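Report on the structure given below.
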Amino acid sequence: MPALNHLGNVLDEVSDAVDDVNVLKGKLWNEESEPVATKDKNSFRQYDSACERVKAFYKEQHEKQTVAFNIKARVDFKSRKRARMSIWQAMEMLNTLVDDSDPDVSGIFEGFVIHCLPASQTSLSQIDHLLQTAEAIRRDGKPEWMQVTGLIHDLGKLLYFFGSEGQWDVVGDTFVVGCAFSDKNIYPETFVGNPDNYDAVYSTKCGIYEAHCGLDNVMLSWGHDERIGSWHREGAYTHLTNAKDVRALEAVRAFNPYDLYSKCDEPVNAEKLRPYYENLIAKFFPPELDW
């Protein structure tokens with residue numbers, strides 16, 4: 001019996017240790033990081049003071065992202081093959097893009113300078129941003145799946161190189177099409193030029209959708225990002241969300257600060273970090289992917 005009691009005590013200790021690990025794992029991905037928490041968020045995403053490049057981008061995006069265009073874009077996407085390459089090759093290809101929608105990036109690349117942003121904002125490249133995001137997540141001890149998410153989160157911008165009509169159908173904050181445009185979107189006044197704004201159905205609150213149908217069942221403006229900024233920042237489109245979206249919102253809000261507030265002008269050493277991230281990529285992806 002003493003042996004059984006000893007075994008029972010050992011099992012209890014193991015069980016308690018497992019519980020402790022599970023609690024820790026549950027906290028890892030959604031705890032706010034100290035660097036992110038202490039960063040001056042007022043120096044990022046300042047659209048009111050953004051340059052004309054950013055404002056012109058959103059005006060064009062808001063005018064051209066119609067239901068008709070979005071249906072066509074989805075059909076076109078599914079009907080053609082674009083490229084086959086590794087994740088790292090995709091990152092290197094993306095590195096030639098300067099995102100016109102980003103008010104935090106000055107666009108200083110290869111000797112070409114766009115003088116339109118405060119000195120406090122950054123001139124980092126796309127690969128710098130991906131690695132800075134992943135490294136911030138890694139430094140905070142977040143799990144590997146979250147690190148690799150940070151690494152690949154902008155790779156959808158590769159659409160720009162494969163038949164896009166411009167940057168307006170690739171980058172920028174997304175929004176729901178097929179219902180009334182939210183006044184919580186960036187520059188909401190620019191939707192006045194979108195013909196869907198005057199459609200008898202598309203201009204109503206729910207439009208072509210049912211209330212609380214879930215964001216999986218709505219059509220977002222076509223581009224690289226299916227994360228609605230005005231939803232997780234301002235509470236827009238809650239009349240379309242369901243219980244699954246409420247659960248997902250916590251994850252989106254946990255990830256978002258790493259995307260926005262990890263940016264700084266100090267470049268990362270991509271070649272030094274490459275072995276770690278290529279090993280990480282190999283845990284989640286095959287050597288090459290169809291894009």
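Going through the structure tokens in order, the chains are called A, B, and so on, while each chain numbers its residues from 1 and the ligands are numbered from 1 in the order shown.
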
Give me the stretch 207-243 of chain A side of the contact with stretch 193-202 of chain A, cut-off 10 Å, one line per residue showing its nearest atom pair and distance in Å at one decimal, counting only C-alpha atoms, sorted by chain and residue number, as a tab-separated table.
```
residue	atom	partner	partner_atom	distance
A:Gly207	CA	A:Tyr202	CA	4.7
A:Ile208	CA	A:Tyr202	CA	6.6
A:Tyr209	CA	A:Tyr202	CA	9.5
```

message = Quick one: residues within 10 Å of stretch 272-279 of chain A, only C-alpha atoms, excluding same-chain residues fewer than 6 positions away - as a ChimeraX atom specification?
response = /A:86-88,131,134-135,147-148,151,285,287

Can I get the selection written as a PDB file, in the first residue's frame, with all heavy atoms?
```
ATOM      1  N   SER A  86       9.175  28.631 -52.170  1.00  0.00           N
ATOM      2  CA  SER A  86       9.201  28.440 -50.725  1.00  0.00           C
ATOM      3  C   SER A  86       8.705  29.694 -50.013  1.00  0.00           C
ATOM      4  O   SER A  86       8.581  30.763 -50.621  1.00  0.00           O
ATOM      5  CB  SER A  86      10.626  28.132 -50.263  1.00  0.00           C
ATOM      6  OG  SER A  86      11.457  29.276 -50.428  1.00  0.00           O
ATOM      7  N   ILE A  87       8.456  29.569 -48.717  1.00  0.00           N
ATOM      8  CA  ILE A  87       8.049  30.728 -47.912  1.00  0.00           C
ATOM      9  C   ILE A  87       9.136  31.799 -47.946  1.00  0.00           C
ATOM     10  O   ILE A  87       8.846  32.990 -48.129  1.00  0.00           O
ATOM     11  CB  ILE A  87       7.764  30.311 -46.456  1.00  0.00           C
ATOM     12  CG1 ILE A  87       6.537  29.379 -46.375  1.00  0.00           C
ATOM     13  CG2 ILE A  87       7.575  31.545 -45.565  1.00  0.00           C
ATOM     14  CD1 ILE A  87       5.216  30.051 -46.609  1.00  0.00           C
ATOM     15  N   TRP A  88      10.393  31.402 -47.781  1.00  0.00           N
ATOM     16  CA  TRP A  88      11.471  32.399 -47.756  1.00  0.00           C
ATOM     17  C   TRP A  88      11.611  33.086 -49.112  1.00  0.00           C
ATOM     18  O   TRP A  88      11.832  34.295 -49.181  1.00  0.00           O
ATOM     19  CB  TRP A  88      12.791  31.775 -47.336  1.00  0.00           C
ATOM     20  CG  TRP A  88      13.781  32.828 -46.921  1.00  0.00           C
ATOM     21  CD1 TRP A  88      14.680  33.458 -47.714  1.00  0.00           C
ATOM     22  CD2 TRP A  88      13.911  33.410 -45.611  1.00  0.00           C
ATOM     23  NE1 TRP A  88      15.387  34.393 -46.999  1.00  0.00           N
ATOM     24  CE2 TRP A  88      14.939  34.387 -45.704  1.00  0.00           C
ATOM     25  CE3 TRP A  88      13.288  33.187 -44.395  1.00  0.00           C
ATOM     26  CZ2 TRP A  88      15.352  35.138 -44.603  1.00  0.00           C
ATOM     27  CZ3 TRP A  88      13.688  33.943 -43.287  1.00  0.00           C
ATOM     28  CH2 TRP A  88      14.706  34.905 -43.408  1.00  0.00           C
ATOM     29  N   LEU A 131      10.120  40.084 -40.199  1.00  0.00           N
ATOM     30  CA  LEU A 131      11.043  39.551 -39.201  1.00  0.00           C
ATOM     31  C   LEU A 131      10.936  40.297 -37.875  1.00  0.00           C
ATOM     32  O   LEU A 131      11.051  39.693 -36.807  1.00  0.00           O
ATOM     33  CB  LEU A 131      12.474  39.612 -39.738  1.00  0.00           C
ATOM     34  CG  LEU A 131      12.784  38.574 -40.827  1.00  0.00           C
ATOM     35  CD1 LEU A 131      14.122  38.875 -41.500  1.00  0.00           C
ATOM     36  CD2 LEU A 131      12.795  37.164 -40.249  1.00  0.00           C
ATOM     37  N   ALA A 134       7.836  38.820 -36.199  1.00  0.00           N
ATOM     38  CA  ALA A 134       8.104  37.477 -35.681  1.00  0.00           C
ATOM     39  C   ALA A 134       9.055  37.516 -34.495  1.00  0.00           C
ATOM     40  O   ALA A 134       8.863  36.783 -33.504  1.00  0.00           O
ATOM     41  CB  ALA A 134       8.678  36.607 -36.795  1.00  0.00           C
ATOM     42  N   GLU A 135      10.067  38.359 -34.559  1.00  0.00           N
ATOM     43  CA  GLU A 135      11.036  38.452 -33.473  1.00  0.00           C
ATOM     44  C   GLU A 135      10.422  39.018 -32.201  1.00  0.00           C
ATOM     45  O   GLU A 135      10.753  38.598 -31.089  1.00  0.00           O
ATOM     46  CB  GLU A 135      12.226  39.308 -33.898  1.00  0.00           C
ATOM     47  CG  GLU A 135      13.241  38.580 -34.764  1.00  0.00           C
ATOM     48  CD  GLU A 135      13.980  37.512 -33.986  1.00  0.00           C
ATOM     49  OE1 GLU A 135      14.965  37.828 -33.302  1.00  0.00           O
ATOM     50  OE2 GLU A 135      13.555  36.331 -34.038  1.00  0.00           O
ATOM     51  N   GLN A 147       4.704  32.665 -33.767  1.00  0.00           N
ATOM     52  CA  GLN A 147       5.887  33.237 -34.408  1.00  0.00           C
ATOM     53  C   GLN A 147       5.805  33.115 -35.924  1.00  0.00           C
ATOM     54  O   GLN A 147       6.078  34.076 -36.651  1.00  0.00           O
ATOM     55  CB  GLN A 147       7.150  32.525 -33.902  1.00  0.00           C
ATOM     56  CG  GLN A 147       7.440  32.712 -32.427  1.00  0.00           C
ATOM     57  CD  GLN A 147       8.606  31.843 -31.980  1.00  0.00           C
ATOM     58  OE1 GLN A 147       9.579  31.650 -32.717  1.00  0.00           O
ATOM     59  NE2 GLN A 147       8.535  31.308 -30.769  1.00  0.00           N
ATOM     60  N   VAL A 148       5.438  31.924 -36.403  1.00  0.00           N
ATOM     61  CA  VAL A 148       5.381  31.724 -37.854  1.00  0.00           C
ATOM     62  C   VAL A 148       4.223  32.517 -38.459  1.00  0.00           C
ATOM     63  O   VAL A 148       4.311  32.981 -39.605  1.00  0.00           O
ATOM     64  CB  VAL A 148       5.290  30.221 -38.200  1.00  0.00           C
ATOM     65  CG1 VAL A 148       3.894  29.671 -38.033  1.00  0.00           C
ATOM     66  CG2 VAL A 148       5.809  29.964 -39.610  1.00  0.00           C
ATOM     67  N   LEU A 151       5.579  35.823 -39.076  1.00  0.00           N
ATOM     68  CA  LEU A 151       6.511  35.804 -40.205  1.00  0.00           C
ATOM     69  C   LEU A 151       5.811  35.867 -41.550  1.00  0.00           C
ATOM     70  O   LEU A 151       6.298  36.505 -42.484  1.00  0.00           O
ATOM     71  CB  LEU A 151       7.374  34.544 -40.129  1.00  0.00           C
ATOM     72  CG  LEU A 151       8.517  34.439 -41.125  1.00  0.00           C
ATOM     73  CD1 LEU A 151       9.613  35.439 -40.798  1.00  0.00           C
ATOM     74  CD2 LEU A 151       9.080  33.022 -41.143  1.00  0.00           C
ATOM     75  N   PHE A 285       5.135  23.997 -42.873  1.00  0.00           N
ATOM     76  CA  PHE A 285       4.879  24.072 -44.304  1.00  0.00           C
ATOM     77  C   PHE A 285       5.766  23.108 -45.076  1.00  0.00           C
ATOM     78  O   PHE A 285       6.884  22.807 -44.636  1.00  0.00           O
ATOM     79  CB  PHE A 285       5.100  25.483 -44.833  1.00  0.00           C
ATOM     80  CG  PHE A 285       4.198  26.517 -44.223  1.00  0.00           C
ATOM     81  CD1 PHE A 285       4.657  27.330 -43.178  1.00  0.00           C
ATOM     82  CD2 PHE A 285       2.911  26.689 -44.697  1.00  0.00           C
ATOM     83  CE1 PHE A 285       3.820  28.282 -42.615  1.00  0.00           C
ATOM     84  CE2 PHE A 285       2.080  27.640 -44.135  1.00  0.00           C
ATOM     85  CZ  PHE A 285       2.530  28.442 -43.096  1.00  0.00           C
ATOM     86  N   PRO A 287       8.311  22.194 -48.353  1.00  0.00           N
ATOM     87  CA  PRO A 287       9.407  23.005 -48.908  1.00  0.00           C
ATOM     88  C   PRO A 287       8.971  24.060 -49.909  1.00  0.00           C
ATOM     89  O   PRO A 287       9.536  25.141 -49.964  1.00  0.00           O
ATOM     90  CB  PRO A 287      10.309  21.949 -49.576  1.00  0.00           C
ATOM     91  CG  PRO A 287      10.018  20.683 -48.848  1.00  0.00           C
ATOM     92  CD  PRO A 287       8.559  20.750 -48.512  1.00  0.00           C
TER      93      PRO A 287
END
```

task = Might you pull out every residue within 9 Å of A:Asp128, with only C-alpha atoms counted and same-chain residues fewer than 2 positions away left off, and present them as a PyMOL selection string?
result = chain A and resi 95+124-126+130-133+263+266-270

Could you write out that same residue set with N, CA, C and O atoms as a short mmCIF file (atom, residue, chain, number, x, y, z; two decimals), in the first residue's frame?
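See again.cif below for the written result:
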```cif
data_model
loop_
_atom_site.label_atom_id
_atom_site.label_comp_id
_atom_site.auth_asym_id
_atom_site.auth_seq_id
_atom_site.Cartn_x
_atom_site.Cartn_y
_atom_site.Cartn_z
N ASN A 95 9.74 41.67 -50.82
CA ASN A 95 10.59 42.75 -50.33
C ASN A 95 10.74 43.90 -51.30
O ASN A 95 11.23 44.97 -50.95
N LEU A 124 11.30 50.93 -43.05
CA LEU A 124 11.72 49.54 -43.15
C LEU A 124 11.10 48.86 -44.36
O LEU A 124 10.05 49.24 -44.85
N SER A 125 11.80 47.80 -44.81
CA SER A 125 11.33 47.03 -45.95
C SER A 125 10.30 46.01 -45.50
O SER A 125 10.07 45.81 -44.30
N GLN A 126 9.68 45.32 -46.45
CA GLN A 126 8.68 44.31 -46.13
C GLN A 126 9.28 43.16 -45.33
O GLN A 126 8.69 42.68 -44.36
N LEU A 130 8.29 41.78 -41.53
CA LEU A 130 7.93 40.40 -41.21
C LEU A 130 8.82 39.85 -40.10
O LEU A 130 8.32 39.22 -39.14
N LEU A 131 10.12 40.08 -40.20
CA LEU A 131 11.04 39.55 -39.20
C LEU A 131 10.94 40.30 -37.87
O LEU A 131 11.05 39.69 -36.81
N GLN A 132 10.70 41.62 -37.92
CA GLN A 132 10.50 42.36 -36.67
C GLN A 132 9.26 41.87 -35.94
O GLN A 132 9.26 41.73 -34.71
N THR A 133 8.20 41.60 -36.69
CA THR A 133 6.97 41.09 -36.09
C THR A 133 7.22 39.73 -35.44
O THR A 133 6.87 39.50 -34.28
N LYS A 263 7.32 47.87 -35.35
CA LYS A 263 8.09 48.56 -36.38
C LYS A 263 9.10 49.53 -35.78
O LYS A 263 8.79 50.29 -34.87
N GLU A 266 15.53 50.38 -37.06
CA GLU A 266 16.71 49.52 -36.98
C GLU A 266 16.44 48.21 -37.73
O GLU A 266 15.57 47.43 -37.33
N PRO A 267 17.15 47.96 -38.82
CA PRO A 267 16.87 46.75 -39.61
C PRO A 267 17.32 45.49 -38.88
O PRO A 267 18.21 45.53 -38.02
N VAL A 268 16.69 44.40 -39.21
CA VAL A 268 17.08 43.11 -38.66
C VAL A 268 18.12 42.47 -39.58
O VAL A 268 18.24 42.85 -40.75
N ASN A 269 18.86 41.52 -39.05
CA ASN A 269 19.85 40.79 -39.85
C ASN A 269 19.16 39.56 -40.40
O ASN A 269 19.11 38.51 -39.74
N ALA A 270 18.65 39.67 -41.61
CA ALA A 270 17.84 38.61 -42.18
C ALA A 270 18.64 37.32 -42.35
O ALA A 270 18.13 36.22 -42.08
#
```

message = Set the distance at 10 Å and use only C-alpha atoms: which residues neighbour A:Glu234 once local chain neighbours fewer than 6 positions away are removed? I'd like the list as an MDAnalysis selection string.
response = chainID A and resid 183:185 228

task = Can you work out which one of A:His153, A:Ala243, A:Gln65, A:Thr190 has the shortest atom-to-atom distance to A:Arg227, counting only C-alpha atoms?
result = A:His153

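Those residues that approach A:Lys205 to within 10 Å, counting only C-alpha atoms, are Gly178, Cys179, Ala180, Phe181, Ser182, Val201, Tyr209, Glu210, Ala211, Tyr237, His239 and Leu240 of chain A; same-chain residues fewer than 4 positions away are not listed.
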
Can I get the selection written as an mmCIF file, in the first residue's frame, with N, CA and C atoms?
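Result file follows (out.cif):
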```
data_model
loop_
_atom_site.group_PDB
_atom_site.id
_atom_site.type_symbol
_atom_site.label_atom_id
_atom_site.label_comp_id
_atom_site.auth_asym_id
_atom_site.auth_seq_id
_atom_site.Cartn_x
_atom_site.Cartn_y
_atom_site.Cartn_z
ATOM 1 N N GLY A 178 -21.182 44.616 -49.944
ATOM 2 C CA GLY A 178 -22.494 43.989 -50.024
ATOM 3 C C GLY A 178 -23.454 44.468 -48.965
ATOM 4 N N CYS A 179 -23.005 45.402 -48.131
ATOM 5 C CA CYS A 179 -23.878 46.046 -47.145
ATOM 6 C C CYS A 179 -23.361 47.469 -46.943
ATOM 7 N N ALA A 180 -24.047 48.233 -46.126
ATOM 8 C CA ALA A 180 -23.664 49.628 -45.929
ATOM 9 C C ALA A 180 -22.231 49.721 -45.403
ATOM 10 N N PHE A 181 -21.461 50.646 -45.956
ATOM 11 C CA PHE A 181 -20.098 50.867 -45.495
ATOM 12 C C PHE A 181 -20.124 51.506 -44.113
ATOM 13 N N SER A 182 -19.328 50.975 -43.201
ATOM 14 C CA SER A 182 -19.310 51.491 -41.837
ATOM 15 C C SER A 182 -18.627 52.853 -41.776
ATOM 16 N N VAL A 201 -29.998 47.580 -52.269
ATOM 17 C CA VAL A 201 -29.739 46.491 -51.320
ATOM 18 C C VAL A 201 -28.394 46.674 -50.628
ATOM 19 N N TYR A 209 -26.703 40.103 -46.525
ATOM 20 C CA TYR A 209 -26.434 39.139 -45.460
ATOM 21 C C TYR A 209 -27.566 39.114 -44.425
ATOM 22 N N GLU A 210 -27.557 38.071 -43.605
ATOM 23 C CA GLU A 210 -28.458 37.997 -42.475
ATOM 24 C C GLU A 210 -27.736 38.484 -41.232
ATOM 25 N N ALA A 211 -28.472 39.074 -40.316
ATOM 26 C CA ALA A 211 -27.866 39.561 -39.071
ATOM 27 C C ALA A 211 -27.169 38.409 -38.349
ATOM 28 N N TYR A 237 -19.315 46.486 -37.664
ATOM 29 C CA TYR A 237 -19.873 45.245 -38.234
ATOM 30 C C TYR A 237 -20.259 44.197 -37.183
ATOM 31 N N HIS A 239 -23.048 43.755 -35.995
ATOM 32 C CA HIS A 239 -24.372 43.225 -36.338
ATOM 33 C C HIS A 239 -24.278 42.019 -37.272
ATOM 34 N N LEU A 240 -23.057 41.768 -37.815
ATOM 35 C CA LEU A 240 -22.850 40.615 -38.692
ATOM 36 C C LEU A 240 -22.066 39.489 -38.003
#
```

request  = List every residue of stretch 57-286 of chain A that DSSP, applied to the backbone of this structure, assigns to helix (DSSP H, G or I), and report them as an NGL selection string.
outcome  = :A and (57-64 or 67-78 or 87-94 or 126-139 or 144-152 or 155-161 or 167-169 or 188-193 or 195-198 or 215-217 or 229-234 or 243-261 or 270-284)

key: Residue contacts of A:Lys244 (12 Å, only C-alpha atoms) excluding same-chain residues fewer than 5 positions away, as JSON, numbers by chain   = {"A": [212, 213, 214, 215, 216, 217, 249, 250, 251]}

Closest atom pairs, stretch 152-210 of chain A residues within 10 Å of stretch 288-291 of chain A, only C-alpha atoms, as a Markdown table:
```
| residue | atom | partner | partner_atom | distance |
| --- | --- | --- | --- | --- |
| A:Leu155 | CA | A:Trp291 | CA | 9.9 |
| A:Gly156 | CA | A:Trp291 | CA | 9.2 |
| A:Leu158 | CA | A:Trp291 | CA | 8.6 |
| A:Leu159 | CA | A:Trp291 | CA | 9.0 |
| A:Phe162 | CA | A:Trp291 | CA | 9.5 |
```
